[in-house]
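Text of the file my_file.txt, holding compact mmCIF, C-alpha atoms:
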```txt
# COMPACT_ATOMS: atom_id res chain seq x y z
CA MET A 11 -48.50 -86.06 118.86
CA SER A 12 -50.56 -83.21 117.43
CA ALA A 13 -48.84 -79.95 116.61
CA LYS A 14 -49.22 -77.10 119.07
CA LYS A 15 -51.96 -74.72 117.95
CA ILE A 16 -50.32 -71.46 116.97
CA GLU A 17 -52.24 -68.35 115.86
CA GLY A 18 -50.80 -66.87 112.69
CA TYR A 19 -50.90 -66.83 108.91
CA LEU A 20 -48.31 -68.31 106.54
CA PRO A 21 -47.66 -66.65 103.14
CA ASN A 22 -50.28 -68.63 101.18
CA ASP A 23 -52.93 -68.32 103.89
CA ALA A 24 -55.87 -65.98 103.28
CA PRO A 25 -57.75 -64.58 106.31
CA ALA A 26 -61.48 -63.93 106.08
CA LEU A 27 -62.29 -60.77 104.10
CA GLY A 28 -63.05 -58.59 107.12
CA ARG A 29 -59.86 -59.61 108.88
CA MET A 30 -57.89 -59.20 105.67
CA ILE A 31 -59.01 -55.58 105.29
CA VAL A 32 -58.13 -54.71 108.90
CA LEU A 33 -54.78 -56.49 108.71
CA GLY A 34 -54.11 -54.82 105.36
CA PHE A 35 -54.85 -51.41 106.85
CA GLN A 36 -52.32 -52.14 109.59
CA HIS A 37 -49.72 -52.70 106.86
CA VAL A 38 -50.70 -49.40 105.22
CA LEU A 39 -50.42 -47.61 108.55
CA THR A 40 -46.94 -49.08 108.94
CA MET A 41 -45.66 -48.16 105.50
CA PHE A 42 -47.46 -44.81 105.22
CA PRO A 43 -45.12 -42.51 107.22
CA ALA A 44 -41.88 -43.52 105.48
CA THR A 45 -43.43 -43.75 102.01
CA VAL A 46 -45.00 -40.30 102.28
CA LEU A 47 -41.98 -38.74 103.98
CA VAL A 48 -39.63 -39.75 101.16
CA ALA A 49 -42.07 -38.31 98.58
CA LEU A 50 -42.25 -35.00 100.49
CA LEU A 51 -38.47 -34.84 100.82
CA VAL A 52 -37.61 -35.41 97.15
CA GLY A 53 -40.41 -33.45 95.44
CA PHE A 54 -42.66 -36.28 94.21
CA ASP A 55 -46.47 -36.28 94.35
CA VAL A 56 -47.63 -38.09 97.48
CA GLY A 57 -50.79 -39.54 95.93
CA THR A 58 -48.84 -40.91 92.99
CA VAL A 59 -46.20 -42.48 95.22
CA LEU A 60 -48.83 -44.21 97.35
CA THR A 61 -50.76 -45.50 94.32
CA VAL A 62 -47.71 -46.77 92.49
CA SER A 63 -46.33 -48.46 95.62
CA GLY A 64 -49.60 -50.38 95.83
CA VAL A 65 -49.39 -51.39 92.16
CA ALA A 66 -45.74 -52.48 92.55
CA THR A 67 -46.57 -54.55 95.65
CA ILE A 68 -49.56 -56.28 94.09
CA THR A 69 -47.60 -57.02 90.89
CA ALA A 70 -44.67 -58.52 92.83
CA LEU A 71 -46.94 -60.68 94.98
CA ILE A 72 -48.92 -62.04 92.05
CA LEU A 73 -45.75 -62.78 90.06
CA SER A 74 -44.13 -64.58 93.02
CA LYS A 75 -47.20 -66.80 93.36
CA LEU A 76 -47.34 -67.51 89.62
CA ILE A 77 -43.61 -68.24 89.29
CA ALA A 78 -42.76 -69.91 92.62
CA GLY A 79 -46.15 -71.22 93.70
CA LYS A 80 -45.95 -69.22 96.94
CA PHE A 81 -46.20 -65.59 97.90
CA ILE A 82 -43.06 -63.71 98.92
CA PRO A 83 -44.71 -61.60 101.65
CA LEU A 84 -43.06 -58.20 101.24
CA TYR A 85 -44.38 -54.65 100.84
CA TYR A 86 -42.62 -52.39 98.32
CA GLY A 87 -42.38 -48.79 99.45
CA SER A 88 -40.11 -45.75 99.22
CA SER A 89 -36.47 -46.29 100.16
CA PHE A 90 -34.52 -43.84 102.32
CA SER A 91 -31.32 -44.99 100.61
CA TYR A 92 -32.17 -43.03 97.45
CA ILE A 93 -33.08 -39.70 99.05
CA ALA A 94 -29.72 -37.94 98.59
CA ALA A 95 -29.20 -39.15 95.03
CA THR A 96 -32.75 -38.20 94.03
CA LEU A 97 -32.47 -34.78 95.68
CA ALA A 98 -29.31 -34.16 93.66
CA ILE A 99 -31.56 -34.32 90.58
CA THR A 100 -34.75 -32.65 91.81
CA ASN A 101 -33.30 -30.03 94.22
CA ALA A 102 -36.75 -30.00 95.79
CA GLU A 103 -37.83 -28.19 98.93
CA PHE A 104 -39.82 -30.16 101.51
CA GLY A 105 -43.40 -30.68 100.37
CA SER A 106 -42.92 -29.16 96.91
CA TYR A 107 -43.74 -30.93 93.64
CA VAL A 108 -41.33 -30.44 90.72
CA PRO A 109 -42.72 -32.49 87.79
CA ASP A 110 -39.98 -31.63 85.29
CA LYS A 111 -37.22 -32.72 87.64
CA VAL A 112 -39.24 -35.73 88.78
CA ALA A 113 -39.43 -36.93 85.16
CA ILE A 114 -35.62 -36.81 84.93
CA ALA A 115 -35.17 -38.67 88.22
CA GLN A 116 -37.58 -41.33 86.96
CA VAL A 117 -34.99 -42.31 84.33
CA GLY A 118 -32.55 -43.23 87.09
CA ILE A 119 -35.26 -45.13 88.95
CA VAL A 120 -36.04 -47.22 85.85
CA ALA A 121 -32.29 -47.94 85.53
CA THR A 122 -32.26 -49.06 89.16
CA GLY A 123 -34.96 -51.57 88.30
CA VAL A 124 -32.94 -52.87 85.36
CA ILE A 125 -29.89 -53.42 87.60
CA ASN A 126 -31.93 -55.30 90.18
CA ILE A 127 -33.48 -57.51 87.51
CA LEU A 128 -30.10 -58.32 85.93
CA VAL A 129 -28.52 -59.19 89.28
CA GLY A 130 -31.56 -61.25 90.22
CA LEU A 131 -31.42 -63.21 86.96
CA LEU A 132 -27.68 -63.75 87.39
CA ILE A 133 -28.26 -65.19 90.85
CA ARG A 134 -31.31 -67.22 89.83
CA TYR A 135 -29.62 -68.83 86.83
CA GLY A 136 -25.93 -68.46 87.62
CA GLY A 137 -25.22 -69.98 90.99
CA GLY A 138 -28.21 -69.29 93.18
CA ARG A 139 -27.91 -68.70 96.90
CA LYS A 140 -24.39 -70.09 97.17
CA ALA A 141 -23.11 -67.51 94.68
CA LEU A 142 -24.85 -64.71 96.53
CA ASP A 143 -23.68 -65.96 99.93
CA ARG A 144 -20.14 -65.84 98.62
CA PHE A 145 -20.30 -62.24 97.42
CA LEU A 146 -22.97 -61.00 99.86
CA PRO A 147 -22.45 -63.20 102.93
CA PRO A 148 -24.72 -62.96 106.00
CA VAL A 149 -22.25 -60.70 107.79
CA ILE A 150 -22.91 -58.07 105.10
CA THR A 151 -26.67 -58.52 104.77
CA GLY A 152 -27.12 -58.81 108.54
CA SER A 153 -24.93 -55.79 109.27
CA VAL A 154 -26.70 -53.70 106.63
CA ALA A 155 -30.09 -54.62 108.12
CA ALA A 156 -28.88 -53.76 111.61
CA THR A 157 -27.41 -50.51 110.32
CA ILE A 158 -30.63 -49.47 108.61
CA GLY A 159 -32.67 -50.05 111.75
CA ILE A 160 -30.26 -48.33 114.13
CA ALA A 161 -29.46 -45.51 111.69
CA LEU A 162 -33.17 -44.62 111.67
CA ALA A 163 -33.12 -44.29 115.45
CA PHE A 164 -32.77 -40.51 115.41
CA ALA A 165 -35.60 -40.18 112.86
CA ALA A 166 -37.87 -42.14 115.20
CA LEU A 167 -36.85 -40.04 118.22
CA ASP A 168 -37.24 -36.82 116.21
CA MET A 169 -40.85 -37.75 115.42
CA ALA A 170 -41.43 -38.73 119.04
CA ASN A 171 -40.09 -35.33 120.09
CA ALA A 172 -43.31 -33.76 118.80
CA ASN A 173 -44.86 -34.93 122.08
CA TRP A 174 -42.92 -37.33 124.27
CA GLY A 175 -45.89 -38.19 126.45
CA VAL A 176 -47.98 -39.35 123.49
CA ALA A 177 -45.02 -41.13 121.87
CA ILE A 178 -44.06 -43.07 125.00
CA PHE A 179 -47.69 -43.96 125.71
CA THR A 180 -48.09 -45.28 122.15
CA LEU A 181 -44.80 -47.20 122.35
CA VAL A 182 -45.61 -48.87 125.66
CA ILE A 183 -49.17 -49.77 124.65
CA ALA A 184 -48.01 -51.25 121.32
CA ILE A 185 -45.35 -53.33 123.11
CA LEU A 186 -47.77 -54.52 125.81
CA PHE A 187 -50.32 -55.50 123.17
CA SER A 188 -47.60 -57.31 121.18
CA VAL A 189 -46.51 -59.34 124.21
CA TYR A 190 -49.73 -59.98 126.12
CA LEU A 191 -52.16 -60.37 123.20
CA GLN A 192 -49.95 -62.87 121.38
CA GLY A 193 -51.92 -66.02 120.72
CA LYS A 194 -55.16 -64.33 121.84
CA GLY A 195 -57.01 -64.63 118.54
CA PHE A 196 -57.54 -61.79 116.09
CA PHE A 197 -56.48 -59.02 118.48
CA GLY A 198 -53.13 -60.74 118.85
CA LEU A 199 -52.56 -60.10 115.14
CA ILE A 200 -53.10 -56.32 115.23
CA PRO A 201 -51.09 -54.98 118.19
CA VAL A 202 -49.48 -52.17 116.19
CA LEU A 203 -52.83 -50.99 114.86
CA LEU A 204 -54.30 -51.18 118.37
CA GLY A 205 -51.32 -49.24 119.69
CA ALA A 206 -51.87 -46.58 117.03
CA ILE A 207 -55.56 -46.31 117.90
CA ALA A 208 -54.77 -46.03 121.61
CA GLY A 209 -52.11 -43.40 120.90
CA TYR A 210 -54.50 -41.53 118.61
CA ALA A 211 -57.21 -41.46 121.29
CA PHE A 212 -54.69 -40.36 123.94
CA ALA A 213 -53.44 -37.56 121.68
CA ALA A 214 -57.03 -36.47 120.98
CA LEU A 215 -57.57 -35.94 124.73
CA PHE A 216 -54.89 -33.22 124.60
CA GLY A 217 -56.25 -31.61 121.45
CA LEU A 218 -53.43 -32.90 119.23
CA VAL A 219 -55.69 -34.34 116.52
CA ASP A 220 -56.83 -31.95 113.79
CA ALA A 221 -59.79 -33.64 112.11
CA SER A 222 -60.77 -30.53 110.15
CA ILE A 223 -58.61 -31.61 107.21
CA ILE A 224 -60.96 -34.56 106.63
CA GLY A 225 -63.91 -32.23 106.03
CA THR A 226 -62.03 -29.97 103.64
CA ALA A 227 -60.45 -32.83 101.64
CA SER A 228 -62.02 -33.90 98.34
CA TRP A 229 -63.45 -37.38 97.98
CA LEU A 230 -61.74 -37.96 94.66
CA VAL A 231 -58.27 -36.78 93.65
CA ILE A 232 -56.26 -37.81 90.62
CA PRO A 233 -52.60 -38.72 91.24
CA LYS A 234 -50.09 -36.83 89.10
CA PHE A 235 -48.71 -39.63 86.95
CA THR A 236 -45.65 -38.67 84.88
CA LEU A 237 -43.50 -40.45 82.31
CA PRO A 238 -39.68 -40.56 82.55
CA ALA A 239 -37.75 -37.99 80.49
CA PHE A 240 -35.51 -40.44 78.63
CA THR A 241 -34.45 -37.78 76.09
CA SER A 242 -33.39 -35.19 78.69
CA PRO A 243 -29.71 -34.11 78.63
CA GLN A 244 -29.66 -34.96 82.35
CA ALA A 245 -30.90 -38.52 81.84
CA TRP A 246 -27.43 -40.09 82.10
CA GLU A 247 -26.69 -38.02 85.19
CA ALA A 248 -29.84 -39.45 86.78
CA ILE A 249 -28.83 -42.99 85.80
CA ALA A 250 -25.32 -42.59 87.22
CA GLY A 251 -26.51 -40.89 90.41
CA ILE A 252 -29.55 -42.95 91.32
CA ALA A 253 -29.00 -46.42 89.87
CA ILE A 254 -25.70 -46.90 91.71
CA ILE A 255 -27.60 -46.96 95.02
CA ALA A 256 -28.92 -50.37 94.02
CA ILE A 257 -25.61 -51.66 95.37
CA ALA A 258 -26.95 -50.77 98.82
CA THR A 259 -30.53 -51.90 98.36
CA ILE A 260 -29.60 -55.31 96.92
CA PRO A 261 -28.07 -56.49 100.23
CA GLU A 262 -30.88 -54.67 102.07
CA SER A 263 -33.51 -56.53 100.04
CA THR A 264 -31.63 -59.79 100.50
CA ALA A 265 -31.43 -59.22 104.24
CA HIS A 266 -35.18 -58.58 104.39
CA LEU A 267 -35.90 -61.82 102.53
CA TYR A 268 -33.53 -63.79 104.79
CA GLN A 269 -35.19 -62.30 107.86
CA ILE A 270 -38.73 -63.00 106.76
CA SER A 271 -37.78 -66.50 105.57
CA LEU A 272 -36.31 -67.27 108.98
CA TYR A 273 -39.48 -66.25 110.82
CA VAL A 274 -41.88 -67.82 108.30
CA ASP A 275 -40.12 -71.17 108.58
CA ASN A 276 -40.13 -70.90 112.36
CA LEU A 277 -43.89 -70.28 112.34
CA ALA A 278 -44.47 -73.13 109.89
CA GLU A 279 -42.48 -75.49 112.10
CA ASN A 280 -44.42 -74.43 115.19
CA MET A 281 -47.68 -74.96 113.31
CA GLY A 282 -46.57 -78.41 112.19
CA LYS A 283 -46.56 -77.40 108.53
CA GLU A 284 -44.00 -77.60 105.75
CA LYS A 285 -41.36 -74.88 105.70
CA TYR A 286 -41.55 -72.36 102.85
CA GLY A 287 -37.82 -71.88 102.21
CA LEU A 288 -38.31 -68.34 100.91
CA ARG A 289 -34.60 -67.66 101.20
CA ASP A 290 -34.07 -69.91 98.17
CA LEU A 291 -35.95 -67.33 96.09
CA ILE A 292 -33.27 -64.63 96.40
CA GLY A 293 -32.88 -64.22 92.65
CA LEU A 294 -36.63 -63.96 92.09
CA ASN A 295 -36.92 -61.52 94.98
CA LEU A 296 -34.40 -59.16 93.35
CA VAL A 297 -36.17 -59.48 90.00
CA LEU A 298 -39.43 -58.50 91.70
CA ASP A 299 -37.65 -55.61 93.41
CA GLY A 300 -36.47 -54.48 89.99
CA ILE A 301 -39.93 -54.77 88.47
CA GLY A 302 -41.25 -52.70 91.36
CA ASP A 303 -38.69 -49.97 90.67
CA MET A 304 -39.46 -50.02 86.95
CA ILE A 305 -43.16 -49.53 87.73
CA ASN A 306 -42.22 -46.66 90.06
CA GLY A 307 -39.94 -45.12 87.47
CA MET A 308 -42.45 -45.38 84.63
CA PHE A 309 -45.36 -43.73 86.44
CA GLY A 310 -43.91 -41.25 88.94
CA GLY A 311 -43.13 -43.20 92.10
CA VAL A 312 -39.86 -42.93 94.01
CA ALA A 313 -37.17 -45.62 94.02
CA GLY A 314 -38.06 -48.26 96.56
CA THR A 315 -37.32 -51.51 98.24
CA ASN A 316 -39.24 -54.08 100.22
CA TYR A 317 -39.99 -52.68 103.65
CA GLY A 318 -38.26 -53.69 106.84
CA GLU A 319 -40.99 -51.90 108.82
CA ASN A 320 -43.65 -54.20 107.40
CA ASN A 321 -41.36 -57.17 108.02
CA SER A 322 -41.20 -56.09 111.64
CA LEU A 323 -44.98 -55.87 111.76
CA MET A 324 -45.29 -59.39 110.36
CA VAL A 325 -42.82 -60.73 112.90
CA ILE A 326 -44.71 -59.06 115.75
CA THR A 327 -48.12 -60.29 114.58
CA ARG A 328 -47.03 -63.61 113.00
CA ASN A 329 -49.13 -62.65 109.99
CA TYR A 330 -47.19 -63.36 106.77
CA SER A 331 -50.26 -63.63 104.53
CA GLY A 332 -49.65 -62.68 100.89
CA PRO A 333 -53.35 -61.97 100.26
CA THR A 334 -53.29 -59.55 103.20
CA LEU A 335 -50.43 -57.66 101.56
CA ILE A 336 -52.43 -57.55 98.32
CA ALA A 337 -55.25 -55.99 100.34
CA ALA A 338 -52.72 -53.46 101.67
CA GLY A 339 -51.68 -52.66 98.10
CA ILE A 340 -55.30 -52.05 97.12
CA LEU A 341 -55.77 -49.76 100.13
CA ALA A 342 -52.60 -47.86 99.18
CA ILE A 343 -54.01 -47.33 95.70
CA LEU A 344 -57.25 -46.03 97.22
CA LEU A 345 -55.24 -43.66 99.40
CA GLY A 346 -53.86 -42.15 96.21
CA PHE A 347 -57.34 -41.55 94.76
CA VAL A 348 -59.55 -40.99 97.80
CA GLY A 349 -58.66 -37.66 99.31
CA LYS A 350 -60.64 -38.12 102.53
CA LEU A 351 -59.05 -41.51 103.21
CA ALA A 352 -55.58 -40.02 102.85
CA ALA A 353 -56.66 -37.10 105.02
CA LEU A 354 -57.84 -39.50 107.74
CA VAL A 355 -54.45 -41.18 107.88
CA ASN A 356 -52.81 -37.76 107.82
CA THR A 357 -54.60 -36.84 111.05
CA VAL A 358 -52.47 -39.36 112.95
CA PRO A 359 -50.23 -37.13 115.12
CA LEU A 360 -46.51 -37.23 114.43
CA ALA A 361 -45.81 -38.29 118.01
CA VAL A 362 -47.98 -41.41 117.58
CA THR A 363 -46.00 -42.32 114.48
CA GLY A 364 -42.80 -41.67 116.41
CA GLY A 365 -43.79 -44.03 119.21
CA LEU A 366 -44.52 -46.80 116.71
CA ALA A 367 -41.31 -46.02 114.81
CA ILE A 368 -39.15 -46.53 117.91
CA TYR A 369 -40.52 -50.06 118.13
CA LEU A 370 -40.54 -50.90 114.41
CA PHE A 371 -37.16 -49.38 113.53
CA GLY A 372 -35.58 -51.09 116.52
CA ILE A 373 -36.92 -54.44 115.39
CA ILE A 374 -35.34 -53.92 111.97
CA GLY A 375 -31.98 -53.63 113.72
CA MET A 376 -32.64 -56.65 115.94
CA GLN A 377 -33.66 -58.72 112.93
CA GLY A 378 -30.23 -58.05 111.43
CA VAL A 379 -28.69 -59.45 114.61
CA ALA A 380 -31.07 -62.43 114.48
CA LEU A 381 -30.03 -63.10 110.88
CA MET A 382 -26.33 -63.25 111.80
CA GLN A 383 -27.14 -65.51 114.74
CA ALA A 384 -29.23 -67.85 112.58
CA GLU A 385 -26.51 -68.01 109.91
CA LYS A 386 -23.88 -68.66 112.61
CA VAL A 387 -21.66 -65.74 111.59
CA ASN A 388 -18.33 -66.25 113.36
CA LEU A 389 -17.66 -62.91 115.05
CA TYR A 390 -14.37 -64.26 116.42
CA ASP A 391 -13.07 -64.27 112.83
CA PRO A 392 -11.20 -60.97 112.27
CA ARG A 393 -12.44 -60.83 108.65
CA GLN A 394 -16.09 -61.04 109.68
CA LEU A 395 -15.49 -58.52 112.46
CA ALA A 396 -13.81 -56.11 110.05
CA ILE A 397 -16.67 -56.25 107.56
CA GLY A 398 -19.41 -55.88 110.18
CA ALA A 399 -17.61 -53.16 112.13
CA THR A 400 -16.99 -51.05 109.02
CA ILE A 401 -20.59 -51.28 107.87
CA LEU A 402 -21.99 -50.41 111.30
CA VAL A 403 -19.77 -47.41 112.00
CA VAL A 404 -19.87 -45.85 108.52
CA GLY A 405 -23.60 -46.48 108.05
CA ILE A 406 -24.83 -45.51 111.50
CA GLY A 407 -22.32 -42.72 112.12
CA GLY A 408 -22.85 -41.21 108.69
CA ASN A 409 -26.62 -41.36 108.92
CA ILE A 410 -26.95 -39.93 112.42
CA GLY A 411 -23.89 -37.68 112.62
CA TYR A 412 -23.85 -36.29 109.09
CA GLY A 413 -27.52 -36.37 108.17
CA GLY A 414 -27.22 -39.40 105.92
CA ASN A 415 -24.40 -38.14 103.68
CA LEU A 416 -20.67 -38.53 104.33
CA PRO A 417 -18.70 -35.30 103.67
CA ILE A 418 -16.21 -37.05 101.38
CA PRO A 419 -15.26 -35.06 98.23
CA VAL A 420 -15.70 -37.95 95.78
CA LEU A 421 -18.07 -37.92 92.78
CA THR A 422 -19.26 -34.47 93.83
CA GLY A 423 -20.98 -33.96 90.48
CA ILE A 424 -23.29 -36.88 91.26
CA PHE A 425 -23.38 -36.54 95.04
CA PRO A 426 -23.02 -32.81 95.80
CA ASN A 427 -24.24 -33.36 99.37
CA GLY A 428 -21.75 -36.16 100.07
CA LEU A 429 -21.79 -39.93 99.66
CA PRO A 430 -24.94 -41.70 100.96
CA ALA A 431 -23.84 -43.21 104.26
CA ILE A 432 -25.67 -46.55 104.18
CA ALA A 433 -24.89 -47.11 100.50
CA THR A 434 -21.22 -46.31 101.13
CA ALA A 435 -21.16 -48.66 104.14
CA ALA A 436 -22.63 -51.48 102.04
CA VAL A 437 -20.11 -50.89 99.25
CA LEU A 438 -17.20 -50.88 101.71
CA GLY A 439 -18.43 -54.17 103.17
CA ILE A 440 -18.68 -55.70 99.69
CA VAL A 441 -15.19 -54.48 98.76
CA LEU A 442 -13.65 -55.87 101.96
CA ASN A 443 -15.34 -59.21 101.36
CA LEU A 444 -13.98 -59.30 97.78
CA ILE A 445 -10.47 -58.55 99.05
CA PHE A 446 -10.73 -61.46 101.48
CA LEU A 447 -12.01 -63.72 98.69
CA ILE A 448 -9.16 -62.81 96.34
CA PHE A 449 -6.31 -62.60 98.83
CA LYS A 450 -6.67 -65.54 101.15
CA ALA A 451 -5.56 -65.25 104.75
CA PRO A 452 -2.67 -67.69 105.47
CA GLU A 453 -4.68 -70.10 107.63
CA GLU A 454 -7.53 -70.12 105.09
CA ALA A 455 -5.18 -70.91 102.20
CA VAL A 456 -3.70 -73.85 104.13
CA LEU A 457 -7.18 -75.13 104.99
CA GLU A 458 -8.29 -75.00 101.35
CA MET A 459 -5.13 -76.82 100.23
CA THR A 460 -5.73 -79.52 102.85
CA GLU A 461 -9.33 -80.00 101.66
CA LEU A 462 -8.12 -80.22 98.05
CA VAL A 463 -5.54 -82.91 98.90
CA GLU A 464 -8.14 -84.89 100.87
CA GLU A 465 -10.50 -84.83 97.88
```
Starting from the coordinates I provided, produce the structure as structure tokens.
Amino acid sequence: MSAKKIEGYLPNDAPALGRMIVLGFQHVLTMFPATVLVALLVGFDVGTVLTVSGVATITALILSKLIAGKFIPLYYGSSFSYIAATLAITNAEFGSYVPDKVAIAQVGIVATGVINILVGLLIRYGGGRKALDRFLPPVITGSVAATIGIALAFAALDMANANWGVAIFTLVIAILFSVYLQGKGFFGLIPVLLGAIAGYAFAALFGLVDASIIGTASWLVIPKFTLPAFTSPQAWEAIAGIAIIAIATIPESTAHLYQISLYVDNLAENMGKEKYGLRDLIGLNLVLDGIGDMINGMFGGVAGTNYGENNSLMVITRNYSGPTLIAAGILAILLGFVGKLAALVNTVPLAVTGGLAIYLFGIIGMQGVALMQAEKVNLYDPRQLAIGATILVVGIGGNIGYGGNLPIPVLTGIFPNGLPAIATAAVLGIVLNLIFLIFKAPEEAVLEMTELVEE
């Protein structure tokens, strides 16, 4: 029996050049708002952040293909998890650029990369997935992914609030395209881009698009690359304040890989092809995350992670092509150098971005749920419930109710604005899991003893 014909691209598949450019631009459109927003919030140069994110993504993709023989289809952009810790160093106002402080923060970002690489190597050569599953089980990675998606809900609604009519129109059109164009050839692969175009045109009808910035923008701009200030007296403060957040992004990155692996294998199975088993590359994925952060830290980009938003886009479009993501990285680099191209993307109204964000951020949360379902997390087990419940309430409540930082007077020298909510939630989940590993529940201890006797 022949396999059912399914439209989509697996990680090693390369679309035709024209398609690749369009699909790559859709990835750029997806990553652009969050990547730029983080740069504006923490005082980094936007052009530099875009360029370096492209370099980090391309480097990670090429290395994954060289080392594992297959692309790990992830885009590396700015991480919201590091905003508070980075702001504690830069003290930047929105939209400002503070090069001296940025150079100090870069030291902490490089250290974050080192931590990710060390943990990745430990997993890759010291126990693999089983070791990670023991210390970062699916209930943690799934709950963190769900928390990140749901915790961003207010950010999506806040953007949509710029014009609810435009936002809802964009949201509905993107969803309708995602559902009814699926399997309809090339257009079925670009529903988010089509939704953005439709929302853009709708907004233009009401005079909400300011195209004048395209005419005034320069064709060529030079990103403001800076080197880390390793000799600064504040260097250790930056390392202590920023690098610790890797504890949160490691399970986040792992969750993203698990999610994308689940959907890639499902697509491969439906296409009658061999499964990729990307989840077995957890250690390599963290090493690549670390290399990405080291590139960011060395040249003036913000601390990052692989992007759940782009994962959501790939799930919607069933396009997991590594070469397409390389094309996206090249386009991101061009955005950093070509002023008019960046200006064109900047004309997209905030409400259009908000409508897309409602869809994409929500899918991040749902993917966390899907991960726990796929891994058969037993939510009747009080230990699993305790871990998941703690992560969800602390992460979501802290992010929405307290602006992302918990007002807990601990480590105030490093976190003057409070503890980062999602990072704290992840740490609490890890600590609870360690307690349950060390101090066995009575029924678990009896079960282990029975298995030992039977062996």
Using all atoms listed in the file: which of A:Phe42, A:Tyr190, A:Tyr85, A:Tyr19 has the shortest distance to Thr363 of chain A
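Closest residue, counting all atoms listed in the file: A:Phe42.
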Determine, counting only C-alpha atoms, every residue of protein, DNA or RNA that lies within 9 Å of (-52.3, -36.2, 114.6) in the file coordinates, then give the result as a list of chain:residue names.
A:Tyr210, A:Ala213, A:Ala214, A:Leu218, A:Val219, A:Asp220, A:Ala221, A:Val355, A:Asn356, A:Thr357, A:Val358, A:Pro359, A:Leu360, A:Ala361, A:Val362, A:Thr363
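Residue nearest Thr157 of chain A, chosen from A:Pro333, A:Gly123, A:Gly365, A:Pro261 and counting all atoms listed in the file: A:Pro261.
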Give, as lines of an AutoDock Vina configuration file, the centre coordinates and the x, y and z edge lengths in Å to one decimal for an axis-aligned box around all listed atoms of segment 257-269 of chain A, padded by 6 Å on each side.
```
center_x = -30.8
center_y = -57.3
center_z = 101.6
size_x = 22.3
size_y = 25.0
size_z = 24.5
```
Please list as a PyMOL selection string every residue within 12 Å of segment 380-391 of chain A, counting only C-alpha atoms and excluding residues in the same chain fewer than 5 positions away.
chain A and resi 143+147-156+264-273+276+289+325+373-375+396-399+446+451+453-454
Which distance in Å separates atom CA of Thr327 of chain A and atom CA of Lys283 of chain A, to one decimal?
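Taking atom CA of Thr327 of chain A and atom CA of Lys283 of chain A, their separation equals 18.2 Å.
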Report as a VMD selection string all protein, DNA and RNA residues lying within 7 Å of Asn415 of chain A, evaluated on all atoms listed in the file, omitting residues in the same chain fewer than 5 positions from it.
chain A and resid 408 to 409 427 to 431
Between atom CA of Ala113 of chain A and atom CA of Gly310 of chain A, measure the distance and give it in Å to one decimal.
7.3 Å
Would you work out the distance separating atom CA of Ala206 of chain A from atom CA of Thr180 of chain A, expressed in Å to one decimal?
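Atom-to-atom, atom CA of Ala206 of chain A and atom CA of Thr180 of chain A are spaced 6.5 Å apart.
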With all atoms listed in the file as the counted atoms, please give the residues lying no more than 8 Å from Val274 of chain A, apart from itself and same-chain residues fewer than 5 positions off, as a tab-separated table (two decimals) with C-alpha atoms, in the coordinates of the input.
```tsv
chain	number	residue	atom	x	y	z
A	20	LEU	CA	-48.31	-68.31	106.54
A	21	PRO	CA	-47.66	-66.65	103.14
A	285	LYS	CA	-41.36	-74.88	105.70
A	286	TYR	CA	-41.55	-72.36	102.85
A	330	TYR	CA	-47.19	-63.36	106.77
```
Might you pull out every residue within 9 Å of Gly130 of chain A, with all atoms listed in the file counted and same-chain residues fewer than 6 positions away left off, and present them as a JSON list (two decimals) with C-alpha atoms, in the frame of the given file?
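File produced: result.json:
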```json
[["chain", "number", "residue", "atom", "x", "y", "z"],
["A", 292, "ILE", "CA", -33.27, -64.63, 96.40],
["A", 293, "GLY", "CA", -32.88, -64.22, 92.65],
["A", 294, "LEU", "CA", -36.63, -63.96, 92.09],
["A", 295, "ASN", "CA", -36.92, -61.52, 94.98],
["A", 296, "LEU", "CA", -34.40, -59.16, 93.35],
["A", 297, "VAL", "CA", -36.17, -59.48, 90.00],
["A", 298, "LEU", "CA", -39.43, -58.50, 91.70],
["A", 299, "ASP", "CA", -37.65, -55.61, 93.41],
["A", 300, "GLY", "CA", -36.47, -54.48, 89.99]]
```
I'd like the contact shell of Phe371 of chain A - 8 Å cut-off, all atoms listed in the file, skipping same-chain residues fewer than 5 positions apart - returned as number ranges by chain.
A: 159-160, 162-163, 166, 319
In the coordinate frame of the file, compute which residues have an atom within 12 Å of (-45.9, -44.6, 124.5) when using only C-alpha atoms, and state them as a ChimeraX atom specification.
/A:167,170-171,173-187,202,205-210,212-213,361-369
Check the smallest atom-to-atom distance from each of A:Asp168, A:Asp55, A:Glu284, A:Glu262 to Val312 of chain A using only C-alpha atoms, then report the winner.
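Closest to Val312 of chain A of all the choices is A:Asp55.
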Check the smallest atom-to-atom distance from each of A:Phe164, A:Phe216, A:Phe235, A:Trp229 to Gly413 of chain A using all atoms listed in the file, then report the winner.
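Of all the options, A:Phe164 lies closest to Gly413 of chain A.
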Determine the nearest neighbour of Arg328 of chain A from the options A:Ala78, A:Ile223, A:Met281, A:Val59, counting all atoms listed in the file.
A:Met281
Residue nearest Ala313 of chain A among A:Val120, A:Ile326, A:Leu444, A:Leu370 (counting only C-alpha atoms)
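The closest residue to Ala313 of chain A is A:Val120.
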